[in-house]
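Participant: Next comes the structure file my_file21.pdb, holding PDB, C-alpha atoms.
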```pdb
ATOM      1  CA  MET B  15     -49.039   0.973 -17.935
ATOM      2  CA  SER B  16     -46.837   0.918 -14.863
ATOM      3  CA  LYS B  17     -43.563   2.701 -14.806
ATOM      4  CA  SER B  18     -40.491   0.545 -15.222
ATOM      5  CA  ALA B  19     -38.596  -0.168 -12.047
ATOM      6  CA  SER B  20     -35.560   1.949 -11.376
ATOM      7  CA  PRO B  21     -32.265   0.160 -11.948
ATOM      8  CA  VAL B  22     -30.747  -1.487  -8.911
ATOM      9  CA  ALA B  23     -27.057  -0.960  -8.270
ATOM     10  CA  GLN B  24     -25.002  -4.097  -8.671
ATOM     11  CA  PHE B  25     -23.488  -5.752  -5.641
ATOM     12  CA  VAL B  26     -19.741  -5.182  -5.692
ATOM     13  CA  PHE B  27     -17.302  -7.789  -4.465
ATOM     14  CA  ASP B  28     -13.604  -7.006  -4.148
ATOM     15  CA  LEU B  29     -12.082  -9.748  -6.284
ATOM     16  CA  SER B  30      -8.689  -8.102  -6.716
ATOM     17  CA  LEU B  31      -5.675 -10.329  -6.321
ATOM     18  CA  PRO B  32      -3.168  -9.721  -3.505
ATOM     19  CA  PRO B  33      -0.568  -7.114  -4.523
ATOM     20  CA  ALA B  34       2.553  -8.405  -6.222
ATOM     21  CA  LEU B  35       5.294  -8.088  -3.598
ATOM     22  CA  GLY B  36       8.280  -9.829  -5.150
ATOM     23  CA  PRO B  37      11.709  -8.167  -5.479
ATOM     24  CA  GLU B  38      11.024  -7.460  -9.148
ATOM     25  CA  ASP B  39       7.807  -5.630  -8.203
ATOM     26  CA  PHE B  40       9.454  -3.036  -5.956
ATOM     27  CA  ILE B  41       9.722   0.311  -7.754
ATOM     28  CA  VAL B  42      12.955   2.096  -6.841
ATOM     29  CA  ALA B  43      12.931   5.900  -6.933
ATOM     30  CA  ASP B  44      14.644   8.787  -5.159
ATOM     31  CA  SER B  45      12.184   8.584  -2.246
ATOM     32  CA  ASN B  46      13.052   4.970  -1.383
ATOM     33  CA  ARG B  47      16.432   4.368  -2.995
ATOM     34  CA  GLU B  48      18.443   4.595   0.233
ATOM     35  CA  ALA B  49      16.188   2.075   1.976
ATOM     36  CA  ALA B  50      16.389  -0.319  -0.987
ATOM     37  CA  GLU B  51      20.178  -0.025  -0.982
ATOM     38  CA  TRP B  52      20.337  -0.876   2.735
ATOM     39  CA  ILE B  53      18.254  -3.998   2.143
ATOM     40  CA  ALA B  54      20.523  -4.998  -0.766
ATOM     41  CA  ARG B  55      23.586  -4.402   1.429
ATOM     42  CA  TRP B  56      22.597  -7.106   3.928
ATOM     43  CA  PRO B  57      24.346  -8.980   5.540
ATOM     44  CA  GLY B  58      26.899  -6.182   5.495
ATOM     45  CA  TRP B  59      25.024  -4.010   7.984
ATOM     46  CA  PRO B  60      27.133  -2.262  10.643
ATOM     47  CA  GLY B  61      25.042  -3.831  13.419
ATOM     48  CA  PRO B  62      22.301  -6.362  14.051
ATOM     49  CA  VAL B  63      19.373  -3.945  13.702
ATOM     50  CA  LEU B  64      18.010  -1.787  10.893
ATOM     51  CA  ALA B  65      14.846   0.311  11.086
ATOM     52  CA  LEU B  66      12.725   1.411   8.120
ATOM     53  CA  HIS B  67      10.208   4.207   8.606
ATOM     54  CA  GLY B  68       7.715   6.047   6.429
ATOM     55  CA  ALA B  69       4.067   6.724   5.680
ATOM     56  CA  PRO B  70       1.580   3.884   5.123
ATOM     57  CA  GLY B  71       2.005   2.453   1.641
ATOM     58  CA  ALA B  72       5.526   3.805   1.195
ATOM     59  CA  GLY B  73       6.906   0.302   0.648
ATOM     60  CA  LYS B  74       8.160  -0.653   4.119
ATOM     61  CA  SER B  75       6.285  -3.953   4.269
ATOM     62  CA  HIS B  76       7.328  -4.747   0.696
ATOM     63  CA  LEU B  77      11.011  -4.277   1.568
ATOM     64  CA  LEU B  78      10.464  -6.202   4.799
ATOM     65  CA  GLY B  79       9.144  -9.137   2.779
ATOM     66  CA  ILE B  80      11.994  -8.951   0.256
ATOM     67  CA  TRP B  81      14.549  -9.005   3.050
ATOM     68  CA  ALA B  82      12.760 -11.787   4.925
ATOM     69  CA  GLN B  83      12.852 -13.936   1.800
ATOM     70  CA  ARG B  84      16.577 -13.312   1.300
ATOM     71  CA  ALA B  85      17.515 -13.744   4.965
ATOM     72  CA  GLY B  86      15.121 -16.601   5.731
ATOM     73  CA  ALA B  87      13.644 -14.371   8.405
ATOM     74  CA  ARG B  88      10.533 -14.875  10.480
ATOM     75  CA  ILE B  89       7.984 -12.071   9.900
ATOM     76  CA  LEU B  90       6.042 -10.933  12.944
ATOM     77  CA  ALA B  91       3.695  -8.049  13.716
ATOM     78  CA  GLY B  92       4.705  -5.722  16.513
ATOM     79  CA  GLY B  93       1.430  -6.334  18.308
ATOM     80  CA  ALA B  94       2.204 -10.060  18.569
ATOM     81  CA  LEU B  95       5.659  -9.717  20.100
ATOM     82  CA  ALA B  96       4.484  -9.637  23.738
ATOM     83  CA  ALA B  97       3.184 -13.203  23.436
ATOM     84  CA  ALA B  98       6.231 -14.523  21.570
ATOM     85  CA  ASP B  99       9.295 -16.285  22.972
ATOM     86  CA  PRO B 100      12.409 -14.159  22.212
ATOM     87  CA  ALA B 101      14.699 -17.184  22.462
ATOM     88  CA  GLU B 102      12.596 -19.154  19.974
ATOM     89  CA  LEU B 103      12.557 -16.216  17.550
ATOM     90  CA  ALA B 104      16.282 -15.565  17.912
ATOM     91  CA  ALA B 105      17.013 -19.215  17.116
ATOM     92  CA  GLU B 106      15.791 -18.528  13.581
ATOM     93  CA  GLY B 107      18.721 -16.149  13.064
ATOM     94  CA  ALA B 108      16.729 -13.312  11.476
ATOM     95  CA  VAL B 109      13.460 -11.585  12.406
ATOM     96  CA  ALA B 110      11.417  -8.959  10.538
ATOM     97  CA  LEU B 111       9.068  -6.963  12.767
ATOM     98  CA  ASP B 112       6.321  -5.017  10.988
ATOM     99  CA  ASP B 113       4.446  -2.197  12.765
ATOM    100  CA  ALA B 114       7.293  -2.419  15.247
ATOM    101  CA  ASP B 115       6.350   0.828  17.011
ATOM    102  CA  ARG B 116       3.363  -0.988  18.507
ATOM    103  CA  VAL B 117       5.683  -2.423  21.144
ATOM    104  CA  ALA B 118       6.121   1.056  22.652
ATOM    105  CA  GLY B 119       4.161   1.441  25.874
ATOM    106  CA  ASP B 120       3.582  -2.311  26.240
ATOM    107  CA  ALA B 121       5.912  -3.453  29.028
ATOM    108  CA  ALA B 122       5.869  -7.112  27.987
ATOM    109  CA  ALA B 123       6.474  -6.292  24.325
ATOM    110  CA  GLU B 124       9.309  -3.892  25.164
ATOM    111  CA  ARG B 125      11.037  -6.530  27.289
ATOM    112  CA  ALA B 126      10.585  -9.103  24.533
ATOM    113  CA  LEU B 127      12.097  -6.782  21.929
ATOM    114  CA  PHE B 128      15.001  -5.942  24.226
ATOM    115  CA  HIS B 129      15.813  -9.626  24.792
ATOM    116  CA  LEU B 130      15.283 -10.487  21.123
ATOM    117  CA  ARG B 131      17.691  -7.795  19.990
ATOM    118  CA  ASN B 132      20.362  -8.931  22.487
ATOM    119  CA  LEU B 133      19.958 -12.623  21.653
ATOM    120  CA  LEU B 134      20.220 -11.952  17.931
ATOM    121  CA  LYS B 135      23.340  -9.849  18.447
ATOM    122  CA  GLU B 136      24.979 -12.600  20.500
ATOM    123  CA  ALA B 137      24.144 -15.177  17.834
ATOM    124  CA  GLY B 138      25.250 -13.002  14.917
ATOM    125  CA  GLY B 139      21.658 -12.628  13.732
ATOM    126  CA  PHE B 140      19.689  -9.685  12.379
ATOM    127  CA  LEU B 141      16.525  -7.735  13.168
ATOM    128  CA  LEU B 142      14.661  -5.543  10.667
ATOM    129  CA  LEU B 143      12.060  -3.130  12.043
ATOM    130  CA  ALA B 144       9.388  -1.243  10.088
ATOM    131  CA  ALA B 145       7.231   1.572  11.480
ATOM    132  CA  ARG B 146       5.767   4.964  10.656
ATOM    133  CA  GLU B 147       8.285   6.863  12.795
ATOM    134  CA  PRO B 148      11.987   6.224  13.459
ATOM    135  CA  PRO B 149      12.681   4.382  16.737
ATOM    136  CA  ALA B 150      14.086   7.537  18.344
ATOM    137  CA  ARG B 151      10.523   8.923  18.331
ATOM    138  CA  TRP B 152       8.812   5.869  19.796
ATOM    139  CA  PRO B 153       7.517   6.420  23.359
ATOM    140  CA  VAL B 154       9.561   3.516  24.729
ATOM    141  CA  ALA B 155       9.533   3.278  28.537
ATOM    142  CA  LEU B 156      12.376   0.767  28.967
ATOM    143  CA  PRO B 157      15.579   2.877  29.026
ATOM    144  CA  ASP B 158      17.941   0.110  27.874
ATOM    145  CA  LEU B 159      15.727  -0.677  24.885
ATOM    146  CA  ALA B 160      15.315   3.004  24.003
ATOM    147  CA  SER B 161      19.090   3.567  23.950
ATOM    148  CA  ARG B 162      19.728   0.531  21.754
ATOM    149  CA  LEU B 163      16.988   1.463  19.306
ATOM    150  CA  LYS B 164      18.314   5.008  18.995
ATOM    151  CA  ALA B 165      21.767   3.611  18.175
ATOM    152  CA  ALA B 166      20.435   1.530  15.265
ATOM    153  CA  PRO B 167      20.490   2.937  11.702
ATOM    154  CA  ALA B 168      17.065   4.313  10.713
ATOM    155  CA  VAL B 169      16.262   4.834   7.038
ATOM    156  CA  GLY B 170      13.220   6.747   5.840
ATOM    157  CA  LEU B 171      11.023   6.140   2.805
ATOM    158  CA  GLY B 172       9.618   9.448   1.566
ATOM    159  CA  GLU B 173       6.436  10.423  -0.230
ATOM    160  CA  PRO B 174       6.493   9.799  -3.993
ATOM    161  CA  ASP B 175       7.264  12.255  -6.768
ATOM    162  CA  ASP B 176       5.136  12.240  -9.933
ATOM    163  CA  VAL B 177       7.293   9.673 -11.726
ATOM    164  CA  LEU B 178       7.103   7.169  -8.879
ATOM    165  CA  LEU B 179       3.429   7.882  -8.183
ATOM    166  CA  ALA B 180       2.574   7.214 -11.844
ATOM    167  CA  GLN B 181       4.327   3.840 -11.626
ATOM    168  CA  VAL B 182       2.588   3.064  -8.337
ATOM    169  CA  LEU B 183      -0.841   3.871  -9.805
ATOM    170  CA  ALA B 184      -0.158   1.639 -12.802
ATOM    171  CA  LYS B 185       0.941  -1.180 -10.470
ATOM    172  CA  LEU B 186      -2.133  -0.778  -8.240
ATOM    173  CA  PHE B 187      -4.405  -1.137 -11.280
ATOM    174  CA  ALA B 188      -2.357  -4.092 -12.533
ATOM    175  CA  ASP B 189      -2.631  -5.790  -9.115
ATOM    176  CA  ARG B 190      -6.400  -5.694  -9.680
ATOM    177  CA  GLN B 191      -5.938  -7.070 -13.202
ATOM    178  CA  LEU B 192      -7.057  -3.745 -14.690
ATOM    179  CA  ALA B 193      -5.393  -2.262 -17.764
ATOM    180  CA  VAL B 194      -5.615   1.533 -17.976
ATOM    181  CA  GLY B 195      -4.024   3.950 -20.408
ATOM    182  CA  PRO B 196      -1.527   6.659 -19.467
ATOM    183  CA  GLU B 197      -4.237   9.305 -19.869
ATOM    184  CA  ILE B 198      -6.049   7.804 -16.850
ATOM    185  CA  VAL B 199      -2.914   7.958 -14.721
ATOM    186  CA  GLN B 200      -2.125  11.520 -15.827
ATOM    187  CA  ALA B 201      -5.660  12.669 -15.010
ATOM    188  CA  MET B 202      -5.294  11.230 -11.520
ATOM    189  CA  LEU B 203      -1.881  12.812 -11.008
ATOM    190  CA  ALA B 204      -3.257  16.217 -11.979
ATOM    191  CA  ARG B 205      -5.815  16.292  -9.172
ATOM    192  CA  MET B 206      -4.981  13.794  -6.432
ATOM    193  CA  GLU B 207      -3.161  14.249  -3.155
ATOM    194  CA  ARG B 208       0.467  13.161  -3.449
ATOM    195  CA  SER B 209       0.542  10.131  -1.164
ATOM    196  CA  PHE B 210       0.667   6.363  -1.425
ATOM    197  CA  ALA B 211      -2.379   6.022   0.811
ATOM    198  CA  GLU B 212      -4.456   8.260  -1.465
ATOM    199  CA  ALA B 213      -3.278   6.335  -4.536
ATOM    200  CA  ARG B 214      -4.485   3.056  -3.024
ATOM    201  CA  ARG B 215      -7.788   4.567  -1.941
ATOM    202  CA  LEU B 216      -8.518   6.148  -5.320
ATOM    203  CA  VAL B 217      -7.697   3.038  -7.329
ATOM    204  CA  ALA B 218      -9.994   0.989  -5.081
ATOM    205  CA  GLU B 219     -12.792   3.556  -5.466
ATOM    206  CA  ILE B 220     -12.425   3.729  -9.242
ATOM    207  CA  ASP B 221     -12.472  -0.062  -9.477
ATOM    208  CA  ALA B 222     -15.588  -0.263  -7.275
ATOM    209  CA  ALA B 223     -17.396   2.454  -9.266
ATOM    210  CA  SER B 224     -16.560   0.715 -12.532
ATOM    211  CA  LEU B 225     -18.003  -2.570 -11.251
ATOM    212  CA  ALA B 226     -21.074  -0.985  -9.676
ATOM    213  CA  GLN B 227     -21.934   0.984 -12.815
ATOM    214  CA  GLY B 228     -21.017  -1.786 -15.233
ATOM    215  CA  ARG B 229     -18.658   0.572 -17.045
ATOM    216  CA  SER B 230     -15.080   0.289 -18.143
ATOM    217  CA  ILE B 231     -12.573   2.655 -16.582
ATOM    218  CA  THR B 232     -12.716   5.754 -18.770
ATOM    219  CA  LEU B 233     -11.577   9.346 -18.431
ATOM    220  CA  PRO B 234     -15.136  10.612 -17.737
ATOM    221  CA  LEU B 235     -15.555   8.054 -14.946
ATOM    222  CA  VAL B 236     -12.214   8.920 -13.367
ATOM    223  CA  ARG B 237     -12.807  12.657 -13.680
ATOM    224  CA  SER B 238     -16.231  12.362 -12.062
ATOM    225  CA  ILE B 239     -14.747  10.527  -9.090
ATOM    226  CA  LEU B 240     -11.923  13.051  -8.769
ATOM    227  CA  ALA B 241     -14.426  15.919  -8.966
ATOM    228  CA  GLU B 242     -16.444  14.390  -6.121
ATOM    229  CA  GLN B 243     -13.279  14.194  -4.020
ATOM    230  CA  ARG B 244     -12.573  17.867  -4.532
TER     231      ARG B 244
END
```
If you took the structure in this file and wrote it as structure tokens, what would it be?
Facilitator:
Amino acid sequence: MSKSASPVAQFVFDLSLPPALGPEDFIVADSNREAAEWIARWPGWPGPVLALHGAPGAGKSHLLGIWAQRAGARILAGGALAAADPAELAAEGAVALDDADRVAGDAAAERALFHLRNLLKEAGGFLLLAAREPPARWPVALPDLASRLKAAPAVGLGEPDDVLLAQVLAKLFADRQLAVGPEIVQAMLARMERSFAEARRLVAEIDAASLAQGRSITLPLVRSILAEQR
């Protein structure tokens, strides 16, 4: 009698829904409260430009989207600015530039940002920038742009504390339509690196392992994945 064939791992497809990024989905905590308050304060900013900075996953793009919805702003990636028309963008009255530090070192993009900022100021418009580092640390070659960026308010979003990270983990699971108990979240908090990026990576790995093994998300499954990480 021949031996039975070994089980074949299931193919795993990422069927998670896009993350919920509405205003009601943003979790306010000590690490991001100042940035959230600045966004809520618009249009009462002291100038035409505000810069948000922080680690990947800290919530910059989420706040950018919330503001863009309120202000009717055009959202653009920093890498696309060199090919854009500053006058056309400024005519919209408000622009949100994600990964804005990507303009640094690109002569065409730096000139475009310089003209965009000036045109928006003249028209009474607004520009919201989001990047990992504050503009004062960007390696900008154009002196006039560098001086104007340094003069703009820059608000940081910090790494999460345990309370915020627990809420973020629960939201990441919910975005994937997964319901997990608090014991799962607490087990993750006890062993994981304290960062938004690690939270996203772990939730994705747990979801993939659950699908591949045909198992629900249980404490033994989560602990085995965390043990492998260590």
Participant: List the residues selected by the PyMOL selection byres ((chain B and resi 206-209) around 9) in the file shown, writing them as an NGL selection string.
Facilitator: :B and (69-72 or 173-176 or 179 or 201-205 or 210-214 or 216 or 240 or 243-244)
Participant: Quote the spacing between atom CA of B:Val182 and atom CA of B:Ile41 in Å to one decimal place.
Facilitator: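 Going from atom CA of B:Val182 over to atom CA of B:Ile41 covers 7.7 Å.
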Participant: List the neighbours of B:Leu143 out to 8 Å using all atoms listed in the file; skip same-chain residues closer than 4 positions along the sequence, and give me the result as a PyMOL selection string.
Facilitator: chain B and resi 63-66+110-114
Participant: Neighbours of stretch 89-103 of chain B within 10 Å (all atoms listed in the file; same-chain residues fewer than 4 positions away dropped), as a PyMOL selection string?
Facilitator: chain B and resi 78-79+81-83+107-118+120-134+142-145
Participant: Which residue, B:Trp152, B:Asp44, B:Trp59, B:Glu51, has the smallest gap to B:Gly172 when you use only C-alpha atoms?
Facilitator: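 Closest residue, counting only C-alpha atoms: B:Asp44.
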Participant: Could you jot down the atom CA of B:Phe140 to atom CA of B:Arg55 separation for me, Å, one decimal place?
Facilitator: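 Atom CA of B:Arg55 lies 12.8 Å from atom CA of B:Phe140.
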Participant: Looking at B:Pro149, B:Gly86, B:Gly138, B:Pro57, which one is nearest to B:Gly170, with distances taken over all atoms listed in the file?
Facilitator: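 Of the candidates, the smallest distance to B:Gly170 is held by B:Pro149.
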Participant: Mind pulling up the distance from atom CA of B:Ala223 to atom CA of B:Gln200?
Facilitator: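 About the pair atom CA of B:Gln200 and atom CA of B:Ala223: they are 18.9 Å apart.
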Participant: Given only C-alpha atoms as the basis, pick out the residue of B:Ile239, B:Ala160, B:Ala105, B:Ile198 nearest to B:Glu136.
Facilitator: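 Under the stated criterion, the closest residue is B:Ala105.
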Participant: Apply the PyMOL selection byres ((chain B and resi 191-193) around 9) to the structure shown and report the selected residues as a ChimeraX atom specification.
Facilitator: /B:30-31,184,186-190,194-195,221,231
Participant: For the structure just given, write the atoms of stretch 155-167 of chain B, namely all heavy atoms, as a CSV table (one decimal), in the first residue's frame.
Facilitator:
```
chain,number,residue,atom,x,y,z
B,155,ALA,N,18.6,71.4,-2.4
B,155,ALA,CA,19.7,72.1,-3.0
B,155,ALA,C,19.3,73.6,-3.3
B,155,ALA,O,20.1,74.4,-3.3
B,155,ALA,CB,20.1,71.4,-4.3
B,156,LEU,N,18.0,73.8,-3.5
B,156,LEU,CA,17.5,75.2,-3.9
B,156,LEU,C,17.4,76.0,-2.6
B,156,LEU,O,16.5,75.8,-1.8
B,156,LEU,CB,16.2,75.1,-4.6
B,156,LEU,CG,15.6,76.3,-5.2
B,156,LEU,CD1,16.6,76.8,-6.4
B,156,LEU,CD2,14.2,76.1,-5.8
B,157,PRO,N,18.3,77.0,-2.5
B,157,PRO,CA,18.3,77.8,-1.2
B,157,PRO,C,17.0,78.4,-0.8
B,157,PRO,O,16.6,78.4,0.3
B,157,PRO,CB,19.4,78.8,-1.4
B,157,PRO,CG,20.3,78.2,-2.5
B,157,PRO,CD,19.4,77.4,-3.4
B,158,ASP,N,16.3,79.0,-1.8
B,158,ASP,CA,15.1,79.7,-1.5
B,158,ASP,C,14.0,78.7,-1.0
B,158,ASP,O,13.2,79.1,-0.1
B,158,ASP,CB,14.6,80.5,-2.8
B,158,ASP,CG,15.4,81.7,-3.1
B,158,ASP,OD1,16.1,82.2,-2.2
B,158,ASP,OD2,15.4,82.2,-4.2
B,159,LEU,N,14.0,77.6,-1.6
B,159,LEU,CA,13.0,76.6,-1.2
B,159,LEU,C,13.4,76.1,0.2
B,159,LEU,O,12.5,75.9,1.1
B,159,LEU,CB,13.0,75.4,-2.1
B,159,LEU,CG,12.1,74.2,-1.7
B,159,LEU,CD1,10.6,74.6,-1.6
B,159,LEU,CD2,12.3,73.0,-2.7
B,160,ALA,N,14.6,75.8,0.5
B,160,ALA,CA,15.1,75.3,1.8
B,160,ALA,C,14.7,76.3,2.9
B,160,ALA,O,14.2,75.9,3.9
B,160,ALA,CB,16.6,75.1,1.8
B,161,SER,N,14.9,77.6,2.7
B,161,SER,CA,14.6,78.6,3.7
B,161,SER,C,13.1,78.7,4.0
B,161,SER,O,12.7,78.8,5.1
B,161,SER,CB,15.1,80.0,3.3
B,161,SER,OG,14.4,80.4,2.1
B,162,ARG,N,12.3,78.5,2.9
B,162,ARG,CA,10.8,78.6,3.1
B,162,ARG,C,10.3,77.3,3.8
B,162,ARG,O,9.4,77.4,4.6
B,162,ARG,CB,10.1,78.8,1.8
B,162,ARG,CG,10.2,80.3,1.3
B,162,ARG,CD,10.0,80.4,-0.2
B,162,ARG,NE,10.0,81.8,-0.6
B,162,ARG,CZ,11.1,82.5,-0.7
B,162,ARG,NH1,12.3,82.0,-0.4
B,162,ARG,NH2,11.1,83.8,-1.1
B,163,LEU,N,10.9,76.2,3.5
B,163,LEU,CA,10.4,75.0,4.1
B,163,LEU,C,10.8,75.0,5.6
B,163,LEU,O,10.1,74.5,6.5
B,163,LEU,CB,11.1,73.8,3.5
B,163,LEU,CG,10.5,73.4,2.1
B,163,LEU,CD1,11.3,72.3,1.5
B,163,LEU,CD2,9.1,73.1,2.1
B,164,LYS,N,12.0,75.5,5.9
B,164,LYS,CA,12.4,75.6,7.3
B,164,LYS,C,11.5,76.5,8.2
B,164,LYS,O,11.4,76.3,9.4
B,164,LYS,CB,13.9,76.0,7.4
B,164,LYS,CG,14.9,75.0,6.9
B,164,LYS,CD,16.3,75.5,7.0
B,164,LYS,CE,17.3,74.4,6.4
B,164,LYS,NZ,18.7,75.0,6.4
B,165,ALA,N,10.9,77.5,7.5
B,165,ALA,CA,10.1,78.5,8.2
B,165,ALA,C,8.7,77.9,8.5
B,165,ALA,O,8.0,78.5,9.3
B,165,ALA,CB,10.0,79.7,7.4
B,166,ALA,N,8.3,76.8,7.8
B,166,ALA,CA,7.0,76.3,7.9
B,166,ALA,C,6.9,75.4,9.2
B,166,ALA,O,7.8,74.8,9.6
B,166,ALA,CB,6.6,75.4,6.7
B,167,PRO,N,5.7,75.4,9.9
B,167,PRO,CA,5.5,74.6,11.1
B,167,PRO,C,5.7,73.1,10.7
B,167,PRO,O,5.2,72.7,9.6
B,167,PRO,CB,4.1,74.9,11.5
B,167,PRO,CG,3.7,76.2,10.9
B,167,PRO,CD,4.5,76.3,9.6
```
